[in-house]
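In what follows, a single structure is set out as structure tokens and then discussed.
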Amino acid sequence: MSTGFEKKKRKTKTSFAASVDSFDITSKFQEYFTELKDPRVERTRYHLLTDIITIAILAVIAGAQGWEDIEEYGFNKQEWLKTFLELPFGIPSPDTFRRVFEKINPKEFEQCFRLWVQSLVEKLGVEVVAIDGKVLKSSYDRKSQLKALHMVSAWSTEHRLVLGQRKVSAKSNEITAIPALLEILDLSGCIITIDAFVFTKID
């Protein structure tokens, strides 16, 4: 069992707009992943792909750090998940989650995920987006002589939500990665900040 779901009580301010219906967001979540191709052989599809994807993403948002954590989240939230997922054979096993995510097309998944995040941007009324670059901890592979993974993220400050990410090329820097990140996001009307600089609203 991985060490996800550390049970710590944190005092955080809830900044989501009162008009946002969380059930509406989660119940329609799987609609954004209908275009994702199922990589499994048809006779082995006991669980719906949209159910697997939905549970996995919601679990990671809740703090899951491994396949066993995702399964545990599914069991803990099963009654709630059944209100908008079919779950014909209950909660998938950790191996099922792992095998599916090893085989799905990452670019297709990214596109579907981006559409869902964009819907959140519209529903939540995001106003300020911070662009920040970070080096992922423990991503350096000394044995293979691979440099640490450097990512640029667009972050909704008032909702504590990552809107998108882009990998910084090993032969480039954040300056070239930022325009590529902004290009995939519809941030019309938002104020974009980068470190200490503040940019005017995007028309």
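Simple scheme: letters A, B, ... for chains in structure tokens order, numbers from 1 for residues in each chain, numbers from 1 for ligands in the order shown.
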Closest-contact table, segment 44-100 of chain A side, partner segment 29-34 of chain A, 12 Å, counting only C-alpha atoms, as CSV:
residue,atom,partner,partner_atom,distance
A:Leu48,CA,A:Gln30,CA,10.5
A:Leu49,CA,A:Phe33,CA,8.8
A:Thr50,CA,A:Gln30,CA,5.5
A:Asp51,CA,A:Gln30,CA,7.4
A:Ile52,CA,A:Gln30,CA,9.7
A:Ile53,CA,A:Gln30,CA,7.8
A:Thr54,CA,A:Gln30,CA,6.2
A:Ile55,CA,A:Gln30,CA,9.8
A:Ala56,CA,A:Gln30,CA,11.5
A:Ile57,CA,A:Phe29,CA,9.9
A:Leu58,CA,A:Phe29,CA,9.7
A:Leu81,CA,A:Phe29,CA,11.5
A:Phe84,CA,A:Gln30,CA,9.1
A:Leu85,CA,A:Gln30,CA,8.5
A:Glu86,CA,A:Gln30,CA,11.0
Limited to C-alpha atoms, could you put the picked residues into a file as an mmCIF file, in the first residue's frame?
data_model
loop_
_atom_site.group_PDB
_atom_site.id
_atom_site.type_symbol
_atom_site.label_atom_id
_atom_site.label_comp_id
_atom_site.auth_asym_id
_atom_site.auth_seq_id
_atom_site.Cartn_x
_atom_site.Cartn_y
_atom_site.Cartn_z
ATOM 1 C CA LEU A 48 -16.220 1.047 -18.354
ATOM 2 C CA LEU A 49 -13.294 3.193 -19.469
ATOM 3 C CA THR A 50 -15.032 6.393 -18.362
ATOM 4 C CA ASP A 51 -15.576 4.897 -14.896
ATOM 5 C CA ILE A 52 -11.875 4.001 -14.609
ATOM 6 C CA ILE A 53 -10.718 7.441 -15.770
ATOM 7 C CA THR A 54 -13.171 9.318 -13.566
ATOM 8 C CA ILE A 55 -12.308 7.423 -10.381
ATOM 9 C CA ALA A 56 -8.570 7.736 -11.026
ATOM 10 C CA ILE A 57 -8.592 11.495 -11.617
ATOM 11 C CA LEU A 58 -10.893 12.254 -8.695
ATOM 12 C CA LEU A 81 -19.708 7.486 -7.307
ATOM 13 C CA PHE A 84 -23.207 9.302 -11.664
ATOM 14 C CA LEU A 85 -21.098 6.253 -12.699
ATOM 15 C CA GLU A 86 -22.402 2.852 -13.814
#
DSSP helix (DSSP H, G or I) selection over segment 30-123 of chain A, as a ChimeraX atom specification: /A:30-33,42-44,49-61,67-76,78-81,94-103,106-123
As a ChimeraX atom specification, please: all residues of segment 25-131 of chain A that backbone DSSP puts in strand (DSSP E or B). /A:128-131
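Atom CA of Ile175 of chain A sits 9.7 Å away from atom CA of Val152 of chain A.
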Using only C-alpha atoms: which of A:Glu127, A:Glu110, A:Glu122, A:Asp186 has the shortest distance to Glu35 of chain A: A:Glu110
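Residues with any atom within 8 Å of Pro92 of chain A, counting only C-alpha atoms and excluding same-chain neighbours fewer than 3 positions away, are His47, Ile52, Glu71, Phe89, Thr96 and Phe97 of chain A.
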Those same residues, written as a compact mmCIF listing (two decimals), in the first residue's frame with N, CA and C atoms?
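Generated file (again_15.txt):
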# COMPACT_ATOMS: atom_id res chain seq x y z
N HIS A 47 -14.94 -3.30 -16.80
CA HIS A 47 -15.23 -1.97 -16.27
C HIS A 47 -15.24 -0.96 -17.40
N ILE A 52 -13.27 4.13 -15.05
CA ILE A 52 -11.88 4.00 -14.61
C ILE A 52 -11.19 5.36 -14.58
N GLU A 71 -7.81 2.66 -5.73
CA GLU A 71 -8.82 1.64 -5.41
C GLU A 71 -9.47 1.95 -4.06
N PHE A 89 -19.31 -3.68 -12.41
CA PHE A 89 -18.61 -4.72 -11.64
C PHE A 89 -17.91 -4.11 -10.43
N THR A 96 -6.00 -3.16 -12.71
CA THR A 96 -6.82 -2.67 -13.82
C THR A 96 -6.51 -1.21 -14.09
N PHE A 97 -6.45 -0.40 -13.04
CA PHE A 97 -6.11 1.01 -13.22
C PHE A 97 -4.74 1.14 -13.88
What does the distance from atom CA of Leu163 of chain A to atom CA of Tyr73 of chain A come to in Å, to one decimal? 23.2 Å
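Excluding Leu120 of chain A itself and any same-chain residue fewer than 5 positions from it, the protein and nucleic acid residues within 9 Å of it, counting only C-alpha atoms, are Ile25, Leu115, Gly125, Val126 and Leu163 of chain A.
In terms of minimum interatomic distance to Val121 of chain A, A:Arg160 ranks closest within A:Lys37, A:Arg160, A:Lys28, A:Arg45, counting only C-alpha atoms.
Taking atom CA of Ser153 of chain A and atom CA of Ile191 of chain A as the two end points, the separation is 15.0 Å.
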